[in-house]
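Trainee: Structure file input26.tsv (TSV, C-alpha atoms and all ligand atoms) is given on the next line.
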chain	number	residue	atom	x	y	z
A	1	MET	CA	0.00	0.00	0.00
A	2	ARG	CA	1.54	3.29	-1.13
A	3	ILE	CA	-0.76	6.21	-0.47
A	4	VAL	CA	-0.50	9.98	-0.36
A	5	LEU	CA	-2.83	11.91	1.95
A	6	VAL	CA	-3.34	15.41	0.69
A	7	GLY	CA	-5.47	18.17	2.18
A	8	ALA	CA	-5.37	21.58	3.74
A	9	PRO	CA	-3.80	22.16	7.16
A	10	GLY	CA	-6.13	20.62	9.77
A	11	SER	CA	-8.06	18.43	7.32
A	12	GLY	CA	-7.17	15.32	9.34
A	13	LYS	CA	-4.20	13.87	7.43
A	14	GLY	CA	-2.23	12.96	10.57
A	15	THR	CA	-5.29	11.50	12.31
A	16	GLN	CA	-6.27	9.35	9.33
A	17	ALA	CA	-2.65	8.34	8.64
A	18	GLN	CA	-2.40	6.87	12.15
A	19	LEU	CA	-5.56	4.83	11.64
A	20	LEU	CA	-4.22	3.53	8.33
A	21	VAL	CA	-0.97	2.56	10.06
A	22	LYS	CA	-2.91	0.58	12.70
A	23	ALA	CA	-5.12	-1.09	10.11
A	24	PHE	CA	-2.53	-1.93	7.47
A	25	GLY	CA	0.83	-2.03	9.28
A	26	VAL	CA	2.69	0.31	6.95
A	27	PRO	CA	4.56	3.36	8.32
A	28	GLN	CA	3.27	6.92	8.31
A	29	ILE	CA	5.79	9.28	6.76
A	30	SER	CA	4.94	12.81	7.82
A	31	THR	CA	7.31	15.53	6.64
A	32	GLY	CA	5.79	17.85	9.26
A	33	ASP	CA	6.62	15.38	12.07
A	34	LEU	CA	10.14	14.76	10.69
A	35	LEU	CA	10.76	18.50	10.51
A	36	ARG	CA	9.38	19.14	14.04
A	37	GLU	CA	11.63	16.34	15.33
A	38	ALA	CA	14.66	18.03	13.72
A	39	VAL	CA	13.65	21.37	15.25
A	40	ALA	CA	13.24	19.79	18.71
A	41	LYS	CA	16.67	18.12	18.45
A	42	GLY	CA	18.25	21.38	17.35
A	43	THR	CA	19.92	19.86	14.26
A	44	ASP	CA	21.18	22.07	11.40
A	45	LEU	CA	18.24	20.94	9.30
A	46	GLY	CA	15.85	21.84	12.13
A	47	PHE	CA	17.45	25.23	12.51
A	48	ARG	CA	17.03	25.92	8.76
A	49	ALA	CA	13.41	24.70	8.77
A	50	LYS	CA	12.18	26.53	11.88
A	51	THR	CA	11.84	30.02	10.44
A	52	ALA	CA	9.74	28.82	7.49
A	53	MET	CA	7.57	26.60	9.71
A	54	ASP	CA	6.90	29.24	12.35
A	55	SER	CA	5.76	31.68	9.69
A	56	GLY	CA	3.53	29.15	7.87
A	57	LYS	CA	5.68	28.92	4.73
A	58	LEU	CA	7.00	25.76	3.10
A	59	VAL	CA	10.48	24.51	3.89
A	60	ASP	CA	12.69	24.46	0.77
A	61	ASP	CA	12.27	21.49	-1.58
A	62	ALA	CA	15.91	20.33	-1.39
A	63	THR	CA	15.71	19.88	2.39
A	64	VAL	CA	12.38	18.06	2.28
A	65	LEU	CA	13.33	15.83	-0.65
A	66	GLY	CA	16.59	14.79	1.04
A	67	MET	CA	14.60	13.81	4.12
A	68	ILE	CA	12.00	11.86	2.13
A	69	ARG	CA	14.59	10.01	0.04
A	70	GLU	CA	16.30	8.82	3.22
A	71	ARG	CA	13.00	7.83	4.92
A	72	ILE	CA	11.53	5.97	1.93
A	73	GLY	CA	14.78	4.03	1.61
A	74	ARG	CA	14.47	2.53	5.11
A	75	PRO	CA	13.53	-1.18	5.31
A	76	ASP	CA	10.12	-0.62	6.98
A	77	ALA	CA	8.96	1.41	3.96
A	78	ALA	CA	9.70	-1.40	1.50
A	79	LYS	CA	6.24	-2.89	2.02
A	80	GLY	CA	4.51	0.48	1.62
A	81	PHE	CA	3.83	3.79	3.36
A	82	ILE	CA	1.33	6.53	4.03
A	83	LEU	CA	2.72	9.89	2.97
A	84	ASP	CA	1.24	12.66	5.12
A	85	GLY	CA	1.98	16.26	4.15
A	86	PHE	CA	4.22	15.31	1.21
A	87	PRO	CA	4.25	16.18	-1.65
A	88	ARG	CA	3.28	19.78	-1.07
A	89	ASN	CA	3.82	21.27	-4.53
A	90	ILE	CA	4.23	20.13	-8.13
A	91	ALA	CA	8.05	20.04	-7.95
A	92	GLN	CA	7.88	17.67	-4.96
A	93	ALA	CA	5.27	15.51	-6.72
A	94	GLU	CA	7.49	15.19	-9.80
A	95	ALA	CA	10.51	14.32	-7.67
A	96	LEU	CA	8.47	11.68	-5.81
A	97	GLU	CA	7.29	10.16	-9.07
A	98	LYS	CA	10.89	9.87	-10.25
A	99	MET	CA	12.03	8.38	-6.90
A	100	LEU	CA	9.29	5.74	-7.00
A	101	GLU	CA	9.92	5.01	-10.69
A	102	ASP	CA	13.55	4.24	-9.85
A	103	LEU	CA	12.37	1.82	-7.14
A	104	ALA	CA	9.67	0.36	-9.45
A	105	THR	CA	7.09	1.03	-6.72
A	106	PRO	CA	4.43	3.45	-8.04
A	107	LEU	CA	1.73	5.09	-5.90
A	108	ASP	CA	-1.59	3.24	-5.49
A	109	SER	CA	-3.73	6.30	-4.78
A	110	VAL	CA	-3.84	9.88	-3.59
A	111	VAL	CA	-6.60	10.66	-1.09
A	112	LEU	CA	-7.78	14.25	-0.83
A	113	LEU	CA	-9.42	15.09	2.53
A	114	ASN	CA	-11.90	17.78	1.60
A	115	LEU	CA	-13.07	20.25	4.25
A	116	ASP	CA	-14.52	23.79	4.42
A	117	LEU	CA	-12.35	26.66	5.52
A	118	GLY	CA	-14.39	27.45	8.67
A	119	ILE	CA	-14.06	23.90	9.98
A	120	LEU	CA	-10.33	23.81	9.18
A	121	PHE	CA	-9.82	26.95	11.21
A	122	LYS	CA	-11.68	25.53	14.22
A	123	ARG	CA	-9.78	22.22	14.09
A	124	LEU	CA	-6.44	24.03	13.95
A	125	THR	CA	-7.10	26.56	16.72
A	126	GLY	CA	-8.52	23.73	18.87
A	127	ARG	CA	-5.64	21.29	18.36
A	128	ARG	CA	-3.46	20.46	21.38
A	129	ILE	CA	-0.52	18.06	21.50
A	130	CYS	CA	0.97	16.20	24.44
A	131	GLN	CA	4.53	17.48	24.66
A	132	ASP	CA	5.72	14.17	26.15
A	133	CYS	CA	4.03	11.42	24.09
A	134	GLY	CA	2.95	13.39	21.02
A	135	GLN	CA	-0.72	12.37	21.09
A	136	VAL	CA	-2.98	14.82	19.28
A	137	PHE	CA	-6.14	16.15	20.93
A	138	ASN	CA	-8.71	18.82	20.22
A	139	VAL	CA	-10.48	21.10	22.66
A	140	TYR	CA	-13.68	20.85	20.58
A	141	SER	CA	-13.75	17.23	19.42
A	142	ALA	CA	-11.11	15.05	21.11
A	143	ALA	CA	-10.34	15.89	24.72
A	144	PRO	CA	-7.98	13.51	26.56
A	145	GLY	CA	-10.06	10.62	27.95
A	146	ALA	CA	-9.57	7.00	29.04
A	147	ALA	CA	-8.61	5.97	25.50
A	148	ALA	CA	-5.74	8.45	25.54
A	149	HIS	CA	-3.71	6.44	28.07
A	150	SER	CA	-0.09	6.17	26.92
A	151	LYS	CA	2.97	4.31	28.17
A	152	GLU	CA	4.94	7.53	28.66
A	153	CYS	CA	2.23	9.65	30.26
A	154	GLY	CA	-0.36	7.29	31.73
A	155	ASP	CA	-3.54	9.37	31.98
A	156	THR	CA	-1.86	12.73	32.49
A	157	HIS	CA	-0.89	14.62	29.37
A	158	ARG	CA	0.91	17.97	29.24
A	159	LEU	CA	-0.82	19.77	26.40
A	160	ILE	CA	0.71	22.47	24.26
A	161	GLN	CA	-0.34	24.33	21.12
A	162	ARG	CA	1.82	24.04	18.00
A	163	PRO	CA	3.47	27.43	17.31
A	164	ASP	CA	1.98	27.39	13.78
A	165	ASP	CA	-1.55	26.82	15.14
A	166	LYS	CA	-1.70	30.44	16.32
A	167	GLU	CA	-4.43	32.34	14.47
A	168	GLU	CA	-2.00	34.72	12.75
A	169	VAL	CA	0.03	31.84	11.23
A	170	ILE	CA	-2.98	29.70	10.22
A	171	GLY	CA	-4.01	32.32	7.62
A	172	LYS	CA	-0.60	32.12	5.96
A	173	ARG	CA	-0.64	28.28	5.95
A	174	LEU	CA	-4.04	28.24	4.26
A	175	GLU	CA	-2.81	30.79	1.69
A	176	VAL	CA	0.24	28.61	0.95
A	177	TYR	CA	-2.05	25.58	0.57
A	178	GLU	CA	-4.23	27.39	-1.98
A	179	ALA	CA	-1.28	28.66	-4.01
A	180	GLN	CA	1.16	25.75	-3.88
A	181	THR	CA	-0.53	22.53	-2.78
A	182	LYS	CA	-3.98	22.75	-4.38
A	183	PRO	CA	-2.53	22.40	-7.93
A	184	LEU	CA	-1.69	18.80	-6.92
A	185	ILE	CA	-5.40	17.97	-7.17
A	186	LYS	CA	-5.39	18.47	-10.95
A	187	TYR	CA	-1.97	16.82	-11.23
A	188	TYR	CA	-3.11	13.60	-9.55
A	189	GLU	CA	-6.52	13.69	-11.20
A	190	ALA	CA	-4.76	13.69	-14.57
A	191	ALA	CA	-2.67	10.73	-13.40
A	192	GLY	CA	-5.86	8.82	-12.50
A	193	LEU	CA	-4.81	8.49	-8.86
A	194	LEU	CA	-7.06	11.01	-7.09
A	195	ARG	CA	-9.79	9.92	-4.65
A	196	ILE	CA	-11.82	12.65	-2.98
A	197	VAL	CA	-13.12	12.09	0.55
A	198	ASP	CA	-15.56	14.34	2.41
A	199	ALA	CA	-13.70	14.89	5.70
A	200	ASP	CA	-16.56	16.64	7.49
A	201	ALA	CA	-17.61	13.85	9.86
A	202	ASP	CA	-16.33	12.17	13.01
A	203	VAL	CA	-12.93	10.47	12.82
A	204	ASP	CA	-14.27	6.90	12.42
A	205	THR	CA	-16.72	7.84	9.67
A	206	VAL	CA	-14.00	9.64	7.76
A	207	PHE	CA	-11.77	6.58	8.14
A	208	LYS	CA	-14.46	4.34	6.61
A	209	ARG	CA	-14.66	6.77	3.69
A	210	VAL	CA	-10.88	6.73	3.31
A	211	GLU	CA	-10.82	2.93	3.28
A	212	ARG	CA	-13.59	2.84	0.69
A	213	ALA	CA	-11.71	5.37	-1.43
A	214	VAL	CA	-8.45	3.46	-1.21
A	215	PHE	CA	-10.01	0.12	-2.09
A	216	LYS	CA	-12.67	1.68	-4.35
A	217	ARG	CA	-15.38	-0.12	-2.37
A	301	LIG	P1	2.37	19.62	8.68
A	301	LIG	O1	2.70	19.11	10.00
A	301	LIG	O2	2.33	18.70	7.52
A	301	LIG	O3	1.02	20.44	8.83
A	301	LIG	P2	-0.26	20.58	7.90
A	301	LIG	O4	-0.25	20.01	6.55
A	301	LIG	O5	-0.50	22.03	7.96
A	301	LIG	O6	-1.27	19.65	8.57
A	301	LIG	P3	-1.62	19.59	10.05
A	301	LIG	O7	-0.64	18.72	10.77
A	301	LIG	O8	-1.81	20.97	10.60
A	301	LIG	O9	-3.07	18.95	10.03
A	301	LIG	P4	-3.58	17.52	9.66
A	301	LIG	O10	-4.24	17.57	8.33
A	301	LIG	O11	-2.54	16.47	9.88
A	301	LIG	O12	-4.73	17.40	10.76
A	301	LIG	P5	-4.79	16.57	12.13
A	301	LIG	O13	-5.07	15.13	11.84
A	301	LIG	O14	-3.65	16.90	13.02
A	301	LIG	O15	3.39	20.80	8.28
A	301	LIG	C1	3.78	21.79	9.17
A	301	LIG	C2	4.81	22.69	8.48
A	301	LIG	O16	5.97	21.92	8.15
A	301	LIG	C3	4.37	23.32	7.16
A	301	LIG	O17	3.64	24.52	7.36
A	301	LIG	C4	5.72	23.56	6.48
A	301	LIG	O18	6.37	24.69	7.02
A	301	LIG	C5	6.50	22.33	6.88
A	301	LIG	N1	6.33	21.22	5.93
A	301	LIG	C6	5.72	20.02	6.15
A	301	LIG	N2	5.76	19.25	5.08
A	301	LIG	C7	6.40	19.98	4.12
A	301	LIG	C8	6.72	19.71	2.77
A	301	LIG	N3	6.40	18.55	2.17
A	301	LIG	N4	7.37	20.69	2.09
A	301	LIG	C9	7.71	21.86	2.66
A	301	LIG	N5	7.42	22.17	3.94
A	301	LIG	C10	6.77	21.23	4.67
A	301	LIG	O19	-6.14	17.19	12.74
A	301	LIG	C11	-6.19	18.54	13.15
A	301	LIG	C12	-7.05	18.63	14.43
A	301	LIG	O20	-8.40	18.20	14.13
A	301	LIG	C13	-6.59	17.71	15.59
A	301	LIG	O21	-6.80	18.37	16.80
A	301	LIG	C14	-7.49	16.46	15.49
A	301	LIG	O22	-7.69	15.86	16.75
A	301	LIG	C15	-8.77	17.07	14.94
A	301	LIG	N6	-9.51	16.16	14.04
A	301	LIG	C16	-8.97	15.35	13.08
A	301	LIG	N7	-9.95	14.69	12.43
A	301	LIG	C17	-11.12	15.10	12.97
A	301	LIG	C18	-12.50	14.80	12.72
A	301	LIG	N8	-12.86	13.93	11.76
A	301	LIG	N9	-13.45	15.43	13.47
A	301	LIG	C19	-13.11	16.32	14.44
A	301	LIG	N10	-11.82	16.65	14.75
A	301	LIG	C20	-10.83	16.06	14.01
Represent the supplied structure as structure tokens.
Mentor:
Amino acid sequence: MRIVLVGAPGSGKGTQAQLLVKAFGVPQISTGDLLREAVAKGTDLGFRAKTAMDSGKLVDDATVLGMIRERIGRPDAAKGFILDGFPRNIAQAEALEKMLEDLATPLDSVVLLNLDLGILFKRLTGRRICQDCGQVFNVYSAAPGAAAHSKECGDTHRLIQRPDDKEEVIGKRLEVYEAQTKPLIKYYEAAGLLRIVDADADVDTVFKRVERAVFKR
């Protein structure tokens, strides 16, 4: 299974990617998570990426492509992967196509999570993340409960807001999505890979839609 999840910031890519990982046992490859990890570790790459991320802009293609090439080459990705947040523009999509051509492992499908602007904004401003175990919550739809128990934190999570989930940065991220990422919809439609999913429903319902889209059920 080799799938790309595409959608605006807050459309539920990370949430659905994790459910796909659980259901199908292939890794989630999130460029956002990889970049945040590099920022947290204070690596050179993280230092370079931080300014762009904090202001809602894209990190440069060379940095992101280097990261993806390395991650896709790891043994756990040989049986497939869920790409979350990559590609983000046409240049990245073309580079991915070339990378997968070289490995003779083409994409199976590209799932677009479709959601109205107002809902996106609410999901982003409401998102909270546990700074210790990384679980994602939402003040409106997914407060920490019994199911959120984790090995690291037990039942007590220390919640923070992502710096780019501040209202003033969200506007820029949505603008960047419109200008740079949305053209991917036509690109993948032309390639016959696009599946559109209505992401305005609870998490489990959206997951059923994603599964149906992936397997064309
Ligand atoms: P990245 O981390 O990829 O952020 P994003 O694309 O903006 O997506 P988000 O993580 O904000 O949202 P999501 O769609 O995963 O939603 P989630 O499931 O969390 O990128 C961050 C930055 O890194 C970029 O701005 C850029 O600077 C850089 N970057 C990353 N990739 C790059 C690339 N390829 N090239 C260049 N730069 C790159 O859900 C959101 C909230 O909603 C959560 O609170 C969740 O609990 C809740 N929720 C989810 N589903 C539902 C539902 N069905 N109902 C109710 N609530 C829900």
Trainee: Step by step, measure atom-to-atom distances between ligand LIG 301 (chain A) and each residue using all atoms listed in the file, keep those at most 7 Å, then write them as a PyMOL selection string.
Mentor: chain A and resi 7-16+30-33+35+52-53+56-61+64+84-88+123-124+126-128+136-138+141-142+173+199-203+206
Trainee: Quick check, in Å to one decimal: how far apart do atom CA of A:Ala77 and atom CA of A:Tyr187 lie?
Mentor: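 Atom-to-atom, atom CA of A:Ala77 and atom CA of A:Tyr187 are spaced 24.2 Å apart.
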Trainee: Have a look at A:Leu184, A:Ile129, A:Leu174, A:Leu193 and name the one nearest to A:Ala91; count all atoms listed in the file.
Mentor: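 Between A:Leu184, A:Ile129, A:Leu174, A:Leu193, the residue approaching A:Ala91 most closely is A:Leu184.
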Trainee: Between atom CA of A:Leu45 and atom CA of A:Leu65, what is the distance in Å, rounded to a tenth?
Mentor: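 One can read the atom CA of A:Leu45 to atom CA of A:Leu65 distance as 12.2 Å.
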Trainee: Under the rule that all atoms listed in the file are counted, which of A:Ile196, A:Ala179, A:Phe207, A:Glu152 is the nearest residue to A:Ile90?
Mentor: A:Ala179
Trainee: Give the centre and edge lengths of an axis-aligned box, in Å to one decimal, that holds all listed atoms of stretch 18-25 of chain A with 5 Å on each side, as lines of an AutoDock Vina configuration file.
Mentor:
center_x = -2.4
center_y = 2.4
center_z = 10.1
size_x = 16.4
size_y = 18.9
size_z = 15.2
Trainee: My list of candidates is A:Ala62, A:Leu100, A:Asp132, A:Asp198. Which is closest to A:Asp116 when distances are computed with only C-alpha atoms?
Mentor: A:Asp198
Trainee: How far is it from atom CA of A:Tyr177 to atom CA of A:Lys122, in Å with one decimal?
Mentor: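 Calculated distance between atom CA of A:Tyr177 and atom CA of A:Lys122 is 16.7 Å.
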Trainee: Could you list, as a list in words, every residue within 12 Å of A:Glu168, counting only C-alpha atoms and ignoring same-chain residues fewer than 2 positions away?
Mentor: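 Residues near the query, excluding close chain neighbours: Asp54, Ser55, Gly56, Phe121, Leu124, Thr125, Pro163, Asp164, Asp165, Lys166, Ile170, Gly171, Lys172, Arg173, Leu174 and Glu175 of chain A.
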Trainee: Within 10 Å of A:Tyr188, counting only C-alpha atoms, which residues show up once you throw out same-chain ones fewer than 3 positions away? Write them as a JSON list (two decimals) with C-alpha atoms, in the coordinates of the input, please.
Mentor:
[["chain", "number", "residue", "atom", "x", "y", "z"],
["A", 90, "ILE", "CA", 4.23, 20.13, -8.13],
["A", 93, "ALA", "CA", 5.27, 15.51, -6.72],
["A", 109, "SER", "CA", -3.73, 6.30, -4.78],
["A", 110, "VAL", "CA", -3.84, 9.88, -3.59],
["A", 111, "VAL", "CA", -6.60, 10.66, -1.09],
["A", 112, "LEU", "CA", -7.78, 14.25, -0.83],
["A", 183, "PRO", "CA", -2.53, 22.40, -7.93],
["A", 184, "LEU", "CA", -1.69, 18.80, -6.92],
["A", 185, "ILE", "CA", -5.40, 17.97, -7.17],
["A", 191, "ALA", "CA", -2.67, 10.73, -13.40],
["A", 192, "GLY", "CA", -5.86, 8.82, -12.50],
["A", 193, "LEU", "CA", -4.81, 8.49, -8.86],
["A", 194, "LEU", "CA", -7.06, 11.01, -7.09],
["A", 195, "ARG", "CA", -9.79, 9.92, -4.65]]
Trainee: Using all atoms listed in the file, find the one residue out of A:Gly118, A:Gly134, A:Gly154, A:Pro144 that sits nearest to A:Arg36.
Mentor: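 Comparing A:Gly118, A:Gly134, A:Gly154, A:Pro144 against A:Arg36, the winner is A:Gly134.
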Trainee: Taking all atoms listed in the file into account, name the residue in A:Arg2, A:Lys186, A:Arg209, A:Arg71 that is nearest to A:Val21.
Mentor: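 Closest residue, counting all atoms listed in the file: A:Arg2.
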Trainee: With distances taken over all atoms listed in the file, which of A:Lys41, A:Lys50, A:Lys22, A:Arg212 is nearest to A:Phe81?
Mentor: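 The answer is A:Lys22, which sits nearest to A:Phe81.
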